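These notes are about the structure you will find just below.
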Number of protein chains: 2
Amino acid sequence: MVSHSLEKMKDLDRKDPLREKRKEFSLPKGKIYLDGNSLGCLPKATVTRVNDVVTWEWGEDLITSWNKAEWINLPARVGEQIARLIGAKADEVVAADSTSVNLFKVLSAALKMQSGRTKIISEKGNFPTDLYMMQGLIEQLGGQHELVMVDDDKVLDHLDDDVAVLSLTHVNYKSGQFYDMAAITKAAQDKGIMVIWDLSHSAGALPVDLNGANADFAVGCGYKYLNGGPGAPAFLYVASRHHDKAQPPLSGWMGHAAPFEFDRDYRPADGIKRHLCGTPPVIGMSALEESLKVFDDVDMKKLRKKSVALTDLFIALVEEKCADYGFELASPREASVRGSQVSFSHKDGFAIMQALIDHGVVGDFRAPDIVRFGFTPLYVGYEDVWNAVLILEKIMKKDIWKQDKYHVKSAVT
Amino acid sequence: MVSHSLEKMKDLDRKDPLREKRKEFSLPKGKIYLDGNSLGCLPKATVTRVNDVVTWEWGEDLITSWNKAEWINLPARVGEQIARLIGAKADEVVAADSTSVNLFKVLSAALKMQSGRTKIISEKGNFPTDLYMMQGLIEQLGGQHELVMVDDDKVLDHLDDDVAVLSLTHVNYKSGQFYDMAAITKAAQDKGIMVIWDLSHSAGALPVDLNGANADFAVGCGYKYLNGGPGAPAFLYVASRHHDKAQPPLSGWMGHAAPFEFDRDYRPADGIKRHLCGTPPVIGMSALEESLKVFDDVDMKKLRKKSVALTDLFIALVEEKCADYGFELASPREASVRGSQVSFSHKDGFAIMQALIDHGVVGDFRAPDIVRFGFTPLYVGYEDVWNAVLILEKIMKKDIWKQDKYHVKSAVT
């Protein structure tokens with residue numbers, strides 16, 4: 001067992017090469033925020049930027065801001081910022097719509113390119129909205145396709161000539177376990193299958209190399225590790241080799257070759273832009289753009305190293321200090337397949353998480369029994385991890401979680 | 001000819017029952033803004049609201065704001081605000097996604113309900129993105145449907161038993177002419193056709209009565225007369241009689257019956273909520289919610305009366321003062337079929353509009369030859385109209401528009 005102490009934690013923080021990054025965030029007062037995998041913290045610069053967009057770009061310059069402030073290029077500009085974080089070329093990514101809508105777009109495009117093949121393979125434990133979108137699309141297309149949901153470790157067994165698309169979330173939202181993107185992509189492509197990766201829990205959390213994995217399509221979320229704000233625009237990646245063939249089902253004017261010529265007939269723009277649809281949400285997308293600047297000088301390898309250290313430490317400390325309280329690790333013990341989060345299962349997980357939140361440690365609960373803790377290396381430190389576990393220990397030791405008030409369910413949990 | 005004078009204008013402004021509303025907006029300094037039909041002006045309260053959402057709800061309360069600030073109910077709350085303005089029941093409207101995406105949703109749902117019928121009728125001069133979305137959906141569904149684009153005054157001639165859906169924009173974006181919603185809806189429904197109304201240029205601009213017209217579906221834009229900010233979330237209406245049958249193709253988790261139970265299978269929520277898809281764009285939707293409060297005490301009949309007075313006045317003044325310069329009215333002369341905008345055609349329209357903008361009168365140009373002026377009764381006054389026309393007269397009389405700089409095209413025009 002590692003020997004831990006508050007002093008040691010402070011020392012680790014002092015030596016942390018990402019330590020200064022924390023100062024770029026407005027962190028909630030008196031709280032240890034371990035839920036950046038649900039909603040990332042607010043970069044300080046984003047407050048000013050949003051205010052400027054509202055007050056000046058909208059309020060004063062109004063419609064001229066489409067040119068003057070280059071609102072029109074926001075989706076491509078933000079796409080370029082994200083591309084760097086996920087191993088894509090600058091012109092392979094755009095910011096647009098929600099993750100769900102973007103999944104619909106690329107899945108529809110991929111099925112069209114794979115006509116003759118009828119199956120979509122996904123994982124039973126995939127994030128539900130991904131599964132729902134697949135189901136909705138299949139229904140919409142008249143039911144000639146079939147969604148096969150398999151166990152996470154059986155994906156490779158189901159890849160055959162009937163499979164059109166394999167659609168997976170890279171890092172599982174519950175366990176934090178991640179797939180070997182390159183190996184799975186290759187195995188699928190060897191059978192003529194296209195792969196869609198949902199990077200919602202990967203982008204900004206660990207190095208992703210879409211090009212290195214020869215990935216076909218990807219989507220992801222702007223408000224988790226990318227810190228873009230609640231309901232931030234999502235993103236979408238299409239490998240450049242598919243640019244000409246991938247047809248957007250949501251063929252709106254922003255994806256038109258010449259949106260301001262007001263032609264009567266749709267002509268898709270070249271490249272990734274055709275996957276844009278309606279008018280971009282300027283305020284939210286400006287917030288995302290500003291927030292992403294935090295990553296400008298971040299070395300993703302260093303970020304990953306810290307992420308592993310934080311999650312390793314959290315596991316070790318919980319298992320050391322809360323050994324008697326029935327927590328079971330629900331994330332991989334092996335850091336090499338674990339994202340930037342740690343989950344434990346506990347039959348009283350709901351109440352324990354409510355008590356934790358009430359005592360300043362913000363994680364979240366995922367039914368039926370998962371307490372989930374996200375570690376965003378940009379603003380979470382070693383001392384935070386130490387303090388969080390001490391609070392968890394207190395809540396368990398003193399039966400604090402048994403209080404009635406921690407058993408009341410609310411709309412969103 | 002009416003006798004006009006600056007004094008008369010000032011008098012009209014003094015007597016205007018909506019005059020005080022103007023003070024609720026942050027209007028661009030030194031400009032006469034006649035482009036609220038493209039991007040509505042900024043309500044002052046929205047600046048503070050957005051800043052609060054970013055700084056406190058996101059920055060400080062983070063994930064707890066889904067409950068505490070009721071982010072989760074934003075789409076329904078904003079839908080309810082809009083419902084009042086468009087003659088719908090509170091639970092028939094939600095705010096979500098973009099107008100284009102929402103059109104795709106309701107058109108897909110309507111086609112499903114109309115199986116056996118293969119034609120979609122729309123108008124040649126419909127806003128292009130609406131036509132593009134129809135084309136994309138038809139392509140996606142394998143081409144068994146056909147889009148028939150007809151002349152705006154020939155719509156009724158094309159309604160037959162093969163027609164599944166009639167999809168029209170209520171107020172035309174170019175001419176400002178509007179359809180008789182009740183009469184056209186009835187004519188279509190008499191033949192078993194469902195009707196989708198795009199209210200982008202109607203909502204907030206004139207009284208709309210969807211229920212009174214027995215409308216089936218509608219969509220619309222949040223950033224024009226609703227003043228929700230650039231790229232604001234759009235809205236979507238489904239008549240309650242269709243709630244059980246209308247299937248969302250974009251079946252995301254926010255439209256699930258129990259989004260936070262994380263079920264594996266999609267079960268649509270009851271009612272209008274099933275037409276939500278991904279996580280709502282909280283910052284932009286909060287801006288829209290705040291902006292809509294401006295309408296709380298507005299009598300839409302008074303607003304319409306002022307709108308007619310402003311547009312009548314503008315037409316009369318342009319025809320009086322710019323009679324010799326080749327402008328031709330491209331909007332209906334008859335106010336009863338004219339929305340809150342006035343368009344003129346002019347072969348040099350592009351340069352004239354650039355010169356106008358440069359001289360503080362902001363309208364916009366629509367290819368090939370339309371200069372378009374929007375009159376938002378909440379913040380445009382009679383004196384504004386007077387001054388705008390005087391500036392137009394000067395630009396024409398002194399050939400100012402002929403300067404080279406007014407002939408340069410930019411990305412968005």
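To be explicit about the labels: the chains of the structure tokens are called A, B, and onward in the order shown, and within each one the residues are counted from 1, while ligands get numbers from 1 in the order they are shown.
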query: Could you write out as a ChimeraX atom specification the residues of chain B within 7 Å of chain A, counting only C-alpha atoms?
result: /B:26-28,39,41-42,47,51,54-55,58-63,66-67,97-101,128-129,131-133,136-137,140-141,229-232,249-253,260-266,277-284,367,411-413
query: What's the 12 Å shell around Asn211 in chain A, counting only C-alpha atoms, without same-chain residues fewer than 3 positions away, as number ranges by chain?
result: A: 83-90, 92-93, 181-182, 185, 208, 214-218, 237-241
Residues of the last selection are to be written out with C-alpha atoms, as an mmCIF file, in the first residue's frame.
data_model
loop_
_atom_site.group_PDB
_atom_site.id
_atom_site.type_symbol
_atom_site.label_atom_id
_atom_site.label_comp_id
_atom_site.auth_asym_id
_atom_site.auth_seq_id
_atom_site.Cartn_x
_atom_site.Cartn_y
_atom_site.Cartn_z
ATOM 1 C CA ALA A 83 -9.480 18.432 -34.070
ATOM 2 C CA ARG A 84 -6.139 19.009 -32.373
ATOM 3 C CA LEU A 85 -7.364 17.224 -29.240
ATOM 4 C CA ILE A 86 -8.701 14.166 -31.008
ATOM 5 C CA GLY A 87 -6.033 13.466 -33.601
ATOM 6 C CA ALA A 88 -7.978 14.736 -36.581
ATOM 7 C CA LYS A 89 -7.070 17.096 -39.393
ATOM 8 C CA ALA A 90 -8.316 20.659 -38.993
ATOM 9 C CA GLU A 92 -12.297 16.997 -40.552
ATOM 10 C CA VAL A 93 -14.226 18.389 -37.570
ATOM 11 C CA MET A 181 -9.819 2.370 -30.766
ATOM 12 C CA ALA A 182 -7.195 1.369 -33.328
ATOM 13 C CA THR A 185 -11.513 -0.016 -35.886
ATOM 14 C CA VAL A 208 -7.292 10.506 -28.825
ATOM 15 C CA ASN A 214 -8.027 5.289 -39.257
ATOM 16 C CA ALA A 215 -11.415 6.128 -37.743
ATOM 17 C CA ASP A 216 -14.351 6.653 -40.111
ATOM 18 C CA PHE A 217 -16.694 8.863 -38.091
ATOM 19 C CA ALA A 218 -16.829 10.343 -34.622
ATOM 20 C CA TYR A 237 -15.745 14.182 -37.344
ATOM 21 C CA VAL A 238 -15.785 12.634 -40.803
ATOM 22 C CA ALA A 239 -12.529 11.169 -42.150
ATOM 23 C CA SER A 240 -11.472 13.146 -45.201
ATOM 24 C CA ARG A 241 -11.544 10.009 -47.358
#
message: For Val337 in chain B, find every residue with an atom within 10 Å (counting only C-alpha atoms), except residues of its own chain fewer than 5 positions away, and show them as a ChimeraX atom specification.
response: /B:171,176-180,331-332
For the structure I just gave you, how does DSSP split range 217-387 of chain A - specifically, which residues are strand (DSSP E)? Reply as a PDB file with C-alpha atoms, in the first residue's frame.
ATOM      1  CA  PHE A 217     -16.694   8.863 -38.091  1.00  0.00           C
ATOM      2  CA  ALA A 218     -16.829  10.343 -34.622  1.00  0.00           C
ATOM      3  CA  VAL A 219     -19.048  12.581 -32.538  1.00  0.00           C
ATOM      4  CA  GLY A 220     -18.686  14.074 -29.091  1.00  0.00           C
ATOM      5  CA  ALA A 234     -21.306  19.126 -29.837  1.00  0.00           C
ATOM      6  CA  PHE A 235     -18.862  18.114 -32.572  1.00  0.00           C
ATOM      7  CA  LEU A 236     -18.662  15.741 -35.472  1.00  0.00           C
ATOM      8  CA  TYR A 237     -15.745  14.182 -37.344  1.00  0.00           C
ATOM      9  CA  VAL A 238     -15.785  12.634 -40.803  1.00  0.00           C
ATOM     10  CA  GLU A 328     -16.672  -2.164  -5.025  1.00  0.00           C
ATOM     11  CA  LEU A 329     -14.541  -0.771  -7.790  1.00  0.00           C
ATOM     12  CA  GLN A 341     -13.112   8.860 -13.988  1.00  0.00           C
ATOM     13  CA  VAL A 342     -13.529   6.302 -11.234  1.00  0.00           C
ATOM     14  CA  SER A 343     -16.787   4.573 -10.362  1.00  0.00           C
ATOM     15  CA  PHE A 344     -17.623   2.435  -7.391  1.00  0.00           C
ATOM     16  CA  SER A 345     -20.747   0.396  -6.952  1.00  0.00           C
ATOM     17  CA  VAL A 361     -17.776  16.674  -2.741  1.00  0.00           C
ATOM     18  CA  VAL A 362     -19.596  16.772  -6.057  1.00  0.00           C
ATOM     19  CA  ASP A 364     -22.797  11.908  -9.410  1.00  0.00           C
ATOM     20  CA  PHE A 365     -24.925   8.812  -9.196  1.00  0.00           C
ATOM     21  CA  ARG A 366     -25.829   6.521 -12.071  1.00  0.00           C
ATOM     22  CA  ILE A 370     -22.888   3.582  -9.243  1.00  0.00           C
ATOM     23  CA  VAL A 371     -21.171   6.509  -7.554  1.00  0.00           C
ATOM     24  CA  ARG A 372     -19.111   8.220 -10.200  1.00  0.00           C
ATOM     25  CA  PHE A 373     -16.196  10.613  -9.788  1.00  0.00           C
ATOM     26  CA  GLY A 374     -14.602  12.530 -12.628  1.00  0.00           C
TER      27      GLY A 374
END
- request: Fewer than 6 positions away in the same chain doesn't count, so skip those; otherwise give me all residues within 8 Å of Asp270 in chain B, counting only C-alpha atoms, as a PyMOL selection string.
  value: chain B and resi 243-244+257
Convert the current residue selection to file output with C-alpha atoms, as a compact mmCIF listing (two decimals), in the first residue's frame.
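Written output follows (again.txt):
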# COMPACT_ATOMS: atom_id res chain seq x y z
CA HIS B 243 -49.25 13.83 -29.79
CA ASP B 244 -49.63 10.08 -29.52
CA ALA B 257 -40.21 8.98 -21.05
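Between CA of Gln81 in chain B and CA of Val94 in chain B the interatomic distance comes to 9.4 Å.
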field: Near-Leu206 in chain B list (7 Å; only C-alpha atoms; drop same-chain fewer than 4 positions) as an MDAnalysis selection string
entry: chainID B and resid 202 300 304
Store the residues of this selection in a file with C-alpha atoms, as a PDB file, in the first residue's frame.
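Saved the output as out.pdb:
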ATOM      1  CA  SER B 202     -44.496  35.415 -37.998  1.00  0.00           C
ATOM      2  CA  MET B 300     -50.447  41.292 -30.025  1.00  0.00           C
ATOM      3  CA  ARG B 304     -49.991  44.305 -35.256  1.00  0.00           C
TER       4      ARG B 304
END
Expected answer as a VMD selection string: alpha helix (DSSP H) residues in range 57-217 of chain B: chain B and resid 65 to 68 74 to 85 99 to 113 128 to 140 181 to 190
Dump of C-alpha atoms for the selected residues, as a PDB file, in the first residue's frame:
ATOM      1  CA  SER B  65     -28.444  23.751 -11.656  1.00  0.00           C
ATOM      2  CA  TRP B  66     -30.261  21.082 -13.623  1.00  0.00           C
ATOM      3  CA  ASN B  67     -32.571  20.924 -10.617  1.00  0.00           C
ATOM      4  CA  LYS B  68     -31.909  24.141  -8.719  1.00  0.00           C
ATOM      5  CA  LEU B  74     -36.185  25.178 -19.987  1.00  0.00           C
ATOM      6  CA  PRO B  75     -37.450  23.653 -23.266  1.00  0.00           C
ATOM      7  CA  ALA B  76     -40.979  23.326 -21.903  1.00  0.00           C
ATOM      8  CA  ARG B  77     -40.944  26.696 -20.117  1.00  0.00           C
ATOM      9  CA  VAL B  78     -39.781  28.537 -23.215  1.00  0.00           C
ATOM     10  CA  GLY B  79     -42.234  26.532 -25.305  1.00  0.00           C
ATOM     11  CA  GLU B  80     -45.024  27.775 -23.073  1.00  0.00           C
ATOM     12  CA  GLN B  81     -43.922  31.394 -23.524  1.00  0.00           C
ATOM     13  CA  ILE B  82     -43.933  30.982 -27.292  1.00  0.00           C
ATOM     14  CA  ALA B  83     -47.243  29.093 -27.304  1.00  0.00           C
ATOM     15  CA  ARG B  84     -49.014  32.217 -26.110  1.00  0.00           C
ATOM     16  CA  LEU B  85     -47.722  34.174 -29.092  1.00  0.00           C
ATOM     17  CA  THR B  99     -35.648  25.541 -37.231  1.00  0.00           C
ATOM     18  CA  SER B 100     -34.132  23.277 -39.899  1.00  0.00           C
ATOM     19  CA  VAL B 101     -33.764  20.338 -37.520  1.00  0.00           C
ATOM     20  CA  ASN B 102     -37.264  20.866 -36.173  1.00  0.00           C
ATOM     21  CA  LEU B 103     -38.708  20.902 -39.677  1.00  0.00           C
ATOM     22  CA  PHE B 104     -36.987  17.577 -40.319  1.00  0.00           C
ATOM     23  CA  LYS B 105     -38.545  16.143 -37.160  1.00  0.00           C
ATOM     24  CA  VAL B 106     -42.123  17.134 -37.890  1.00  0.00           C
ATOM     25  CA  LEU B 107     -41.911  16.384 -41.605  1.00  0.00           C
ATOM     26  CA  SER B 108     -40.548  12.923 -40.879  1.00  0.00           C
ATOM     27  CA  ALA B 109     -43.294  12.345 -38.312  1.00  0.00           C
ATOM     28  CA  ALA B 110     -45.979  13.612 -40.676  1.00  0.00           C
ATOM     29  CA  LEU B 111     -44.806  11.454 -43.587  1.00  0.00           C
ATOM     30  CA  LYS B 112     -44.923   8.408 -41.313  1.00  0.00           C
ATOM     31  CA  MET B 113     -48.519   9.262 -40.367  1.00  0.00           C
ATOM     32  CA  PRO B 128     -34.292  27.684 -48.948  1.00  0.00           C
ATOM     33  CA  THR B 129     -33.298  25.741 -45.837  1.00  0.00           C
ATOM     34  CA  ASP B 130     -36.877  24.456 -45.574  1.00  0.00           C
ATOM     35  CA  LEU B 131     -36.661  23.147 -49.134  1.00  0.00           C
ATOM     36  CA  TYR B 132     -33.208  21.691 -48.492  1.00  0.00           C
ATOM     37  CA  MET B 133     -34.417  19.827 -45.419  1.00  0.00           C
ATOM     38  CA  MET B 134     -37.291  18.325 -47.396  1.00  0.00           C
ATOM     39  CA  GLN B 135     -34.886  17.269 -50.149  1.00  0.00           C
ATOM     40  CA  GLY B 136     -32.479  15.735 -47.637  1.00  0.00           C
ATOM     41  CA  LEU B 137     -35.224  13.791 -45.910  1.00  0.00           C
ATOM     42  CA  ILE B 138     -36.608  12.467 -49.203  1.00  0.00           C
ATOM     43  CA  GLU B 139     -33.113  11.374 -50.229  1.00  0.00           C
ATOM     44  CA  GLN B 140     -32.557   9.756 -46.841  1.00  0.00           C
ATOM     45  CA  MET B 181     -53.296  30.006 -42.531  1.00  0.00           C
ATOM     46  CA  ALA B 182     -56.825  28.875 -41.623  1.00  0.00           C
ATOM     47  CA  ALA B 183     -58.108  28.722 -45.196  1.00  0.00           C
ATOM     48  CA  ILE B 184     -55.102  26.863 -46.572  1.00  0.00           C
ATOM     49  CA  THR B 185     -54.968  24.451 -43.655  1.00  0.00           C
ATOM     50  CA  LYS B 186     -58.645  23.657 -44.160  1.00  0.00           C
ATOM     51  CA  ALA B 187     -58.313  23.204 -47.917  1.00  0.00           C
ATOM     52  CA  ALA B 188     -55.409  20.809 -47.371  1.00  0.00           C
ATOM     53  CA  GLN B 189     -57.026  18.879 -44.538  1.00  0.00           C
ATOM     54  CA  ASP B 190     -60.189  18.478 -46.605  1.00  0.00           C
TER      55      ASP B 190
END
message: Please determine, counting only C-alpha atoms, which residue among A:Ala388, A:Ala316, A:Ala355, A:Ala323 has the shortest atom-to-atom distance to Gln403 in chain A.
response: A:Ala355
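Using only C-alpha atoms, the protein and nucleic acid residues lying no more than 6 Å from range 8-23 of chain B, apart from those fewer than 5 places from it along its own chain, are Leu378, Tyr379, Tyr382 and Glu383 of chain B.
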All residues 12 Å or closer to Ile121 in chain A, only C-alpha atoms, same chain fewer than 3 positions away omitted, as a ChimeraX atom specification: /A:107,117-118,124,126,130-131,134-135,145-152,154-169,188,193-196
Generate a file of the selected residues that holds C-alpha atoms, formatted as an mmCIF file, in the first residue's frame.
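Wrote out-v7.cif, looks like this:
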data_model
loop_
_atom_site.group_PDB
_atom_site.id
_atom_site.type_symbol
_atom_site.label_atom_id
_atom_site.label_comp_id
_atom_site.auth_asym_id
_atom_site.auth_seq_id
_atom_site.Cartn_x
_atom_site.Cartn_y
_atom_site.Cartn_z
ATOM 1 C CA LEU A 107 -25.017 7.005 -38.754
ATOM 2 C CA ARG A 117 -25.642 -4.445 -45.034
ATOM 3 C CA THR A 118 -28.382 -4.378 -42.443
ATOM 4 C CA LYS A 124 -25.543 -2.796 -24.209
ATOM 5 C CA ASN A 126 -23.460 2.391 -24.398
ATOM 6 C CA ASP A 130 -26.732 6.811 -28.588
ATOM 7 C CA LEU A 131 -28.827 3.655 -28.549
ATOM 8 C CA MET A 134 -29.958 4.329 -33.534
ATOM 9 C CA GLN A 135 -33.388 2.935 -32.715
ATOM 10 C CA HIS A 145 -31.956 -2.369 -40.332
ATOM 11 C CA GLU A 146 -31.425 -4.091 -37.021
ATOM 12 C CA LEU A 147 -29.645 -2.868 -33.902
ATOM 13 C CA VAL A 148 -27.717 -5.618 -32.140
ATOM 14 C CA MET A 149 -26.665 -4.639 -28.625
ATOM 15 C CA VAL A 150 -23.890 -6.867 -27.337
ATOM 16 C CA ASP A 151 -21.793 -7.177 -24.191
ATOM 17 C CA ASP A 152 -18.871 -4.777 -24.133
ATOM 18 C CA LYS A 154 -18.060 -9.434 -27.095
ATOM 19 C CA VAL A 155 -18.012 -6.730 -29.732
ATOM 20 C CA LEU A 156 -15.456 -8.443 -31.930
ATOM 21 C CA ASP A 157 -17.486 -11.667 -31.971
ATOM 22 C CA HIS A 158 -20.355 -9.974 -33.758
ATOM 23 C CA LEU A 159 -18.551 -8.421 -36.677
ATOM 24 C CA ASP A 160 -19.693 -10.141 -39.845
ATOM 25 C CA ASP A 161 -20.594 -9.337 -43.442
ATOM 26 C CA ASP A 162 -24.108 -8.201 -42.555
ATOM 27 C CA VAL A 163 -22.827 -5.485 -40.278
ATOM 28 C CA ALA A 164 -22.950 -2.003 -41.770
ATOM 29 C CA VAL A 165 -21.792 0.029 -38.799
ATOM 30 C CA LEU A 166 -20.215 -0.500 -35.416
ATOM 31 C CA SER A 167 -21.117 2.386 -33.109
ATOM 32 C CA LEU A 168 -19.353 2.607 -29.768
ATOM 33 C CA THR A 169 -18.602 5.116 -27.084
ATOM 34 C CA ALA A 188 -14.258 -3.884 -38.091
ATOM 35 C CA ILE A 193 -17.654 -2.363 -41.430
ATOM 36 C CA MET A 194 -17.597 1.363 -40.725
ATOM 37 C CA VAL A 195 -17.031 2.556 -37.181
ATOM 38 C CA ILE A 196 -18.524 5.526 -35.352
#
